[in-house]
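See below for the structure under consideration.
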Protein chains: 2
Amino acid sequence: MFWDRPLRLRELDLTAIEQARSRAGELLMPLRAMGRCHEVVERLAAIQGTAMPHVDRPGLLLAAGDHGIVAEGVTAYPSAVTRTMVEVFLRGGGTCNALVRAVEGRMAVINAGVAEPIGASPTAPEVVLWVDQPVRLGTRNFLREPALTPEETAQAVELGYETARRLIRNHGLDVLAVGEMGIGNTTVASVLTAWLTGAPVEAVVGPGADLPAERLDRKRIVVYQALKRWADRVRTVRDALTYWGGLEVCAMVGAFLACGTEGVAGLVDGFISTAAAACAVQLMPGLETFLIACHESAEPGHGILLRWLGWEPLLRWGMRLGEGTGALMAIPLLRLATELHRRVWTFSQVGLTR
Amino acid sequence: MFWDRPLRLRELDLTAIEQARSRAGELLMPLRAMGRCHEVVERLAAIQGTAMPHVDRPGLLLAAGDHGIVAEGVTAYPSAVTRTMVEVFLRGGGTCNALVRAVEGRMAVINAGVAEPIGASPTAPEVVLWVDQPVRLGTRNFLREPALTPEETAQAVELGYETARRLIRNHGLDVLAVGEMGIGNTTVASVLTAWLTGAPVEAVVGPGADLPAERLDRKRIVVYQALKRWADRVRTVRDALTYWGGLEVCAMVGAFLACGTEGVAGLVDGFISTAAAACAVQLMPGLETFLIACHESAEPGHGILLRWLGWEPLLRWGMRLGEGTGALMAIPLLRLATELHRRVWTFSQVGLTR
């Protein structure tokens, strides 16, 4: 099983971080006057092992899967939308596609467990990798039985891990955004957030994709029952992923683990991506330094999870789409930060000292 | 005088804004799921008069000037630094230059009133316009006498207005960032903010560029005395700009006015840029729709001023450099927003309805 594989975090380069910090101190501006630009540059320096980090080859790993819990009426849209949207992504019509092209990136799409077979092949040039290997056709309804078996969980994590490694290696990526598509997955992220943080169910449940206000209570009850149902069985993150799913969440956990083992910055997107990142960090302590929280979404549980993690997101634009879009929006910001770090003159270049 | 010229705001295109909003409603995503992306696209649509707005030709107008108030010990750096930095900008070594190049923009530099003559010519390719027409060599010390005469004020505003118009027209700009360089100008912005908002001096004064904590009280006293000294003379924004300056602030006011008359989005940078924008909005009601607050800086008065204006900035990265850098950082975000608005498929394109 995947869990038996010896995974090792890439060493952080502490010399590079010091060199980057020292260069920031020499730039012709008040000390560290570009605020978080310096912070992200130094993080990238540590990960990439160079005082002059780069964001030249960004990528997106998009994992898709369906959720048996949708039968309980927790979503505004039916599971069939997951399949439709994956087909749209393969053909280049999604928001993620537009953003990947705009940042000159590459993307991989994984069918980790969509309920219906995907009836399309990739035709969009930005989709360089299409992995159509559903572990099963959607998870089980976790109010009735565990969403996955331990084997299925491990298999989905491995799928994400291997796909991320291929994408990173084949295309020489320096940053990897990790996003998803899966009707029902804010319900899963809410359960995982309540379980991880201990926050009350009322606080972590939001409308997700357009759930009408009058159905929010139903979603809260489902989350509450899901937690209660498996409370004494779930002891570890692996258990949590098994009992509640979902397959795309597991694949994202694997993708974040690959960021750590490959030494690439993982760009964390919204609520579901952050839930997967939080699980990955629990599985592999130290991984958090490889991950950058890119935005805080409109979904209330996301802010709770970010604050529990101690992560201050780069953007707060009230976005709530998923697909990795919030992470992709941050890529040009990271690029500008590395660009100014590299290009601005230093005090000594103009014959001055600070 | 400049004030006698008949300035007319470009009409906003209300049809374009409705068409853009309607298109946002057709995009294949939960309704308005990209949050502020839709908001900025619709603002640009109204300004540009098209349902498909663009950020293809960004520009930066950078105005520089010195301040007599520096004699009172309110800054960590001497006025000479203003001249040095303007020379750096002309030669391409500033943070603003690196960012302008990275977003493929064009920049104009105005010497509106630097204390010493500038000993350089533009050699950086991004500097397409250099206007070396100091209205005077720095403002007067406003604890002793008015910073400017009414004629000088009008002249500096006109300089910014005309330069912005030239830059916009000659290079077909679709957005214009407005930034500055001027040792002492956070003191001026603090005075203007306290006068405009009525906020207490303690709240609006911060360290600006590296002022040590033990000298903050001195700066507060100067701001307090400056307000008190001219309280009964200053009745209008024109008076405020005359009594307190500065020349680069006046030029920025003119540049923002030009955004309104030319129909180009004005990208507001940090504390000083926002103070100039606030003055411009007072002078020309309706201009606020043409202006986009790009970031909230680390300087405490900036947040107070933004909240008084009711403006929610796009970024909060703790930056505090000026030079238009916070506005330049936002350009790729605006670009991605317009890009997804244009490229994402609609429900009808895939045979669905919302």
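Chain labels follow the order of the structure tokens: the first chain is A, the next B, and so on; residue numbering restarts at 1 in every chain, and ligands are counted from 1 in their shown order.
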
*asked:* I need the strand (DSSP E or B) residues of segment 284-340 of chain A per DSSP on the backbone, written as a ChimeraX atom specification.
replied: /A:291-293,295,315

Export of the given selection (N, CA and C atoms) as a CSV table (one decimal), in the first residue's frame:
chain,number,residue,atom,x,y,z
A,291,LEU,N,4.1,24.6,1.2
A,291,LEU,CA,2.7,24.9,0.8
A,291,LEU,C,2.5,26.4,1.0
A,292,ILE,N,1.8,27.0,0.1
A,292,ILE,CA,1.5,28.5,0.1
A,292,ILE,C,0.0,28.6,0.0
A,293,ALA,N,-0.7,29.2,1.0
A,293,ALA,CA,-2.1,29.4,1.0
A,293,ALA,C,-2.4,30.6,0.1
A,295,HIS,N,-5.5,31.8,-1.3
A,295,HIS,CA,-6.6,32.7,-1.1
A,295,HIS,C,-7.5,32.2,0.0
A,315,LEU,N,-4.6,36.3,-1.0
A,315,LEU,CA,-5.8,37.0,-1.6
A,315,LEU,C,-7.1,36.8,-0.9

*asked:* List as a PyMOL selection string the protein and nucleic acid residues near Ala120 of chain A, meaning an atom at most 12 Å away when only C-alpha atoms are counted, but skip any in the same chain fewer than 6 places from it.
replied: chain A and resi 83-92+111+130+132

*asked:* So that I can check the surroundings of segment 170-186 of chain B, please list as a VMD selection string every protein, DNA and RNA residue that reaches within 8 Å of it, counting only C-alpha atoms and ignoring chain neighbours fewer than 3 positions away.
replied: chain B and resid 48 54 to 67 69 to 70 74 to 75 77 to 79 81 to 82 85 to 86 106 114 166 to 167 189 to 190 208 246 248 to 249 252 255 to 256 259 264 to 273 322 to 325 327 to 328

*asked:* What are the residues of chain B lining chain A at 8 Å or less? Count only C-alpha atoms, and put the answer as an MDAnalysis selection string.
replied: chainID B and resid 28:31 33:37 93:95 97:99 102 209:210 314:321 329 332:333 336 339:340 343:345

Just-selected residues, N, CA and C atoms written as a compact mmCIF listing (two decimals), in the first residue's frame:
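New file again.txt:
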# COMPACT_ATOMS: atom_id res chain seq x y z
N LEU B 28 -19.87 29.41 -17.17
CA LEU B 28 -20.07 28.05 -16.66
C LEU B 28 -19.43 27.90 -15.27
N MET B 29 -20.12 28.46 -14.29
CA MET B 29 -19.65 28.39 -12.89
C MET B 29 -20.83 28.78 -12.02
N PRO B 30 -20.78 28.46 -10.71
CA PRO B 30 -21.82 28.99 -9.84
C PRO B 30 -21.88 30.52 -10.00
N LEU B 31 -23.03 31.08 -9.77
CA LEU B 31 -23.26 32.49 -10.08
C LEU B 31 -22.22 33.39 -9.41
N ALA B 33 -19.08 33.20 -9.12
CA ALA B 33 -18.24 32.45 -8.18
C ALA B 33 -16.80 32.97 -8.14
N MET B 34 -16.42 33.85 -9.09
CA MET B 34 -15.06 34.39 -9.03
C MET B 34 -15.01 35.73 -8.29
N GLY B 35 -16.04 36.01 -7.49
CA GLY B 35 -16.01 37.12 -6.54
C GLY B 35 -15.61 38.45 -7.17
N ARG B 36 -14.54 39.02 -6.65
CA ARG B 36 -14.15 40.37 -7.08
C ARG B 36 -13.70 40.43 -8.53
N CYS B 37 -13.37 39.30 -9.13
CA CYS B 37 -13.04 39.31 -10.56
C CYS B 37 -14.19 39.93 -11.34
N GLY B 93 16.44 51.11 -12.56
CA GLY B 93 16.82 50.27 -11.42
C GLY B 93 15.83 50.21 -10.28
N GLY B 94 14.71 50.90 -10.38
CA GLY B 94 13.76 50.93 -9.26
C GLY B 94 12.83 49.73 -9.25
N THR B 95 12.16 49.56 -8.13
CA THR B 95 11.16 48.49 -8.04
C THR B 95 10.04 48.75 -9.06
N ASN B 97 10.35 50.14 -11.93
CA ASN B 97 10.82 49.74 -13.26
C ASN B 97 10.68 48.24 -13.47
N ALA B 98 11.13 47.47 -12.46
CA ALA B 98 11.08 46.00 -12.59
C ALA B 98 9.64 45.55 -12.81
N LEU B 99 8.72 46.16 -12.08
CA LEU B 99 7.31 45.74 -12.19
C LEU B 99 6.70 46.22 -13.51
N ALA B 102 7.82 43.89 -16.06
CA ALA B 102 7.21 42.56 -15.91
C ALA B 102 5.77 42.54 -16.40
N ALA B 209 8.80 55.83 5.58
CA ALA B 209 9.99 55.08 5.19
C ALA B 209 10.96 55.03 6.36
N ASP B 210 10.74 54.01 7.23
CA ASP B 210 11.74 53.67 8.25
C ASP B 210 11.97 54.70 9.35
N LEU B 314 -7.61 45.74 -3.32
CA LEU B 314 -7.50 44.41 -3.93
C LEU B 314 -6.48 43.53 -3.20
N LEU B 315 -5.48 44.14 -2.60
CA LEU B 315 -4.38 43.39 -1.97
C LEU B 315 -4.04 43.98 -0.62
N ARG B 316 -3.70 43.10 0.31
CA ARG B 316 -3.16 43.56 1.60
C ARG B 316 -1.89 42.76 1.86
N TRP B 317 -0.78 43.26 1.37
CA TRP B 317 0.49 42.54 1.47
C TRP B 317 1.49 43.26 2.36
N GLY B 318 1.01 44.24 3.13
CA GLY B 318 1.93 44.96 4.02
C GLY B 318 3.04 45.69 3.29
N MET B 319 2.77 46.11 2.05
CA MET B 319 3.78 46.85 1.30
C MET B 319 3.74 48.31 1.72
N ARG B 320 4.87 49.01 1.57
CA ARG B 320 4.93 50.40 2.02
C ARG B 320 6.03 51.14 1.27
N LEU B 321 6.11 50.87 -0.04
CA LEU B 321 7.22 51.45 -0.82
C LEU B 321 6.81 52.68 -1.59
N MET B 329 1.36 45.79 -8.90
CA MET B 329 1.15 44.39 -8.50
C MET B 329 -0.25 43.92 -8.86
N PRO B 332 -1.66 42.27 -13.06
CA PRO B 332 -1.93 40.90 -13.54
C PRO B 332 -3.25 40.34 -13.01
N LEU B 333 -3.66 40.76 -11.83
CA LEU B 333 -4.95 40.28 -11.30
C LEU B 333 -6.10 40.81 -12.16
N LEU B 336 -6.06 38.83 -15.39
CA LEU B 336 -6.64 37.48 -15.30
C LEU B 336 -8.16 37.58 -15.22
N GLU B 339 -9.43 38.21 -18.61
CA GLU B 339 -9.14 37.03 -19.44
C GLU B 339 -10.19 35.94 -19.21
N LEU B 340 -10.48 35.64 -17.95
CA LEU B 340 -11.46 34.57 -17.72
C LEU B 340 -12.85 35.01 -18.16
N ARG B 343 -12.85 34.27 -21.84
CA ARG B 343 -12.53 32.94 -22.37
C ARG B 343 -13.38 31.78 -21.85
N VAL B 344 -13.88 31.90 -20.62
CA VAL B 344 -14.60 30.75 -20.05
C VAL B 344 -15.86 30.50 -20.87
N TRP B 345 -16.18 29.22 -21.07
CA TRP B 345 -17.38 28.87 -21.83
C TRP B 345 -18.64 29.26 -21.06

_For a quick check of understanding, using only C-alpha atoms, which of A:Glu72, A:Leu241, A:Arg233, A:Arg144 has the smallest distance to Arg215 of chain A?_
A:Glu72

*Looking at only C-alpha atoms, which of A:Gln133, A:Thr50, A:Thr139, A:Thr338 is the one that sits closest to Glu158 of chain A?*
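Using only C-alpha atoms, the shortest distance to Glu158 of chain A belongs to A:Gln133.
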
What's the 12 Å shell around Met1 of chain A, counting only C-alpha atoms, without same-chain residues fewer than 2 positions away, as a CSV table (one decimal) with N, CA, C and O atoms, in the first residue's frame?
chain,number,residue,atom,x,y,z
A,3,TRP,N,0.9,3.7,1.9
A,3,TRP,CA,1.5,4.2,3.2
A,3,TRP,C,2.8,3.5,3.5
A,3,TRP,O,3.5,3.9,4.4
A,4,ASP,N,3.0,2.3,2.9
A,4,ASP,CA,4.3,1.6,3.2
A,4,ASP,C,5.5,2.2,2.5
A,4,ASP,O,6.6,1.8,2.8
A,5,ARG,N,5.2,3.0,1.5
A,5,ARG,CA,6.4,3.6,0.8
A,5,ARG,C,7.1,4.6,1.6
A,5,ARG,O,6.5,5.4,2.3
A,6,PRO,N,8.4,4.5,1.6
A,6,PRO,CA,9.2,5.5,2.3
A,6,PRO,C,9.2,6.9,1.6
A,6,PRO,O,9.9,7.0,0.6
A,150,PRO,N,-10.0,1.2,3.2
A,150,PRO,CA,-8.6,1.7,3.4
A,150,PRO,C,-7.8,1.5,2.1
A,150,PRO,O,-7.0,2.4,1.8
A,151,GLU,N,-8.1,0.5,1.4
A,151,GLU,CA,-7.3,0.2,0.1
A,151,GLU,C,-7.7,1.3,-0.9
A,151,GLU,O,-6.8,1.8,-1.6
A,152,GLU,N,-8.9,1.6,-1.0
A,152,GLU,CA,-9.4,2.7,-2.0
A,152,GLU,C,-8.7,4.0,-1.6
A,152,GLU,O,-8.3,4.8,-2.5
A,153,THR,N,-8.7,4.3,-0.3
A,153,THR,CA,-8.1,5.6,0.1
A,153,THR,C,-6.6,5.6,-0.3
A,153,THR,O,-6.2,6.6,-0.9
A,154,ALA,N,-5.9,4.6,0.0
A,154,ALA,CA,-4.5,4.6,-0.4
A,154,ALA,C,-4.3,4.7,-1.9
A,154,ALA,O,-3.4,5.4,-2.4
A,155,GLN,N,-5.1,4.0,-2.6
A,155,GLN,CA,-5.0,4.0,-4.1
A,155,GLN,C,-5.3,5.4,-4.6
A,155,GLN,O,-4.5,5.8,-5.5
A,156,ALA,N,-6.2,6.1,-4.1
A,156,ALA,CA,-6.5,7.5,-4.6
A,156,ALA,C,-5.4,8.4,-4.2
A,156,ALA,O,-5.0,9.3,-5.0
A,157,VAL,N,-4.8,8.3,-3.0
A,157,VAL,CA,-3.7,9.1,-2.6
A,157,VAL,C,-2.5,8.9,-3.6
A,157,VAL,O,-1.9,9.8,-4.1
A,158,GLU,N,-2.3,7.6,-3.9
A,158,GLU,CA,-1.2,7.2,-4.7
A,158,GLU,C,-1.4,7.8,-6.2
A,158,GLU,O,-0.4,8.3,-6.8
A,159,LEU,N,-2.6,7.7,-6.6
A,159,LEU,CA,-2.9,8.3,-7.9
A,159,LEU,C,-2.5,9.8,-8.0
A,159,LEU,O,-1.9,10.2,-9.0

Would you pick out the contacts of Asp217 of chain B at 12 Å or less, using only C-alpha atoms, so that residues sharing its chain but fewer than 2 positions from it are not included, and give the list as a compact mmCIF listing (two decimals) with N, CA and C atoms, in the first residue's frame?
# COMPACT_ATOMS: atom_id res chain seq x y z
N GLY B 73 12.52 67.37 10.77
CA GLY B 73 12.96 66.08 11.33
C GLY B 73 11.90 65.00 11.30
N VAL B 74 11.04 65.01 10.28
CA VAL B 74 9.95 64.02 10.22
C VAL B 74 10.30 62.79 9.40
N THR B 75 11.53 62.72 8.88
CA THR B 75 11.89 61.61 8.01
C THR B 75 13.20 60.97 8.44
N VAL B 201 -4.91 62.74 14.82
CA VAL B 201 -3.53 62.74 14.32
C VAL B 201 -2.80 61.46 14.75
N GLU B 202 -2.99 61.04 15.98
CA GLU B 202 -2.32 59.83 16.49
C GLU B 202 -2.57 58.64 15.55
N ALA B 203 -3.79 58.59 15.00
CA ALA B 203 -4.17 57.43 14.20
C ALA B 203 -3.59 57.47 12.79
N VAL B 205 -0.76 58.96 11.66
CA VAL B 205 0.69 59.10 11.49
C VAL B 205 1.38 57.76 11.71
N GLY B 206 2.22 57.38 10.77
CA GLY B 206 2.99 56.14 10.89
C GLY B 206 4.45 56.39 10.54
N PRO B 207 5.25 55.32 10.50
CA PRO B 207 6.69 55.50 10.31
C PRO B 207 7.11 55.84 8.88
N LEU B 211 11.04 55.61 9.62
CA LEU B 211 11.25 56.54 10.74
C LEU B 211 11.30 55.74 12.04
N PRO B 212 12.37 55.90 12.84
CA PRO B 212 12.45 55.13 14.09
C PRO B 212 11.30 55.49 15.03
N ALA B 213 10.89 54.51 15.82
CA ALA B 213 9.74 54.67 16.71
C ALA B 213 9.89 55.89 17.62
N GLU B 214 11.12 56.16 18.05
CA GLU B 214 11.30 57.25 19.01
C GLU B 214 11.12 58.63 18.37
N ARG B 215 11.01 58.64 17.02
CA ARG B 215 10.80 59.95 16.38
C ARG B 215 9.36 60.11 15.88
N LYS B 219 6.90 63.51 14.61
CA LYS B 219 6.11 63.60 13.38
C LYS B 219 4.65 63.92 13.72
N ARG B 220 4.15 63.33 14.77
CA ARG B 220 2.76 63.59 15.17
C ARG B 220 2.56 65.05 15.55
N ILE B 221 3.52 65.59 16.27
CA ILE B 221 3.42 67.00 16.69
C ILE B 221 3.43 67.92 15.47
N VAL B 222 4.30 67.60 14.52
CA VAL B 222 4.38 68.42 13.30
C VAL B 222 3.04 68.38 12.55
N VAL B 223 2.47 67.19 12.42
CA VAL B 223 1.19 67.07 11.71
C VAL B 223 0.11 67.85 12.45
N TYR B 224 0.12 67.74 13.76
CA TYR B 224 -0.87 68.44 14.58
C TYR B 224 -0.74 69.96 14.41

*atom CA of Ala108 of chain B to atom CA of Thr236 of chain B, straight-line distance in Å*: 29.0 Å

*May I have all residues of segment 188-333 of chain A that DSSP, computed from the backbone, assigns to helix (DSSP H, G or I), given as a PyMOL selection string?*
chain A and resi 188-197+201-204+213-230+237-244+247-262+271-283+287-290+300-309+325-333
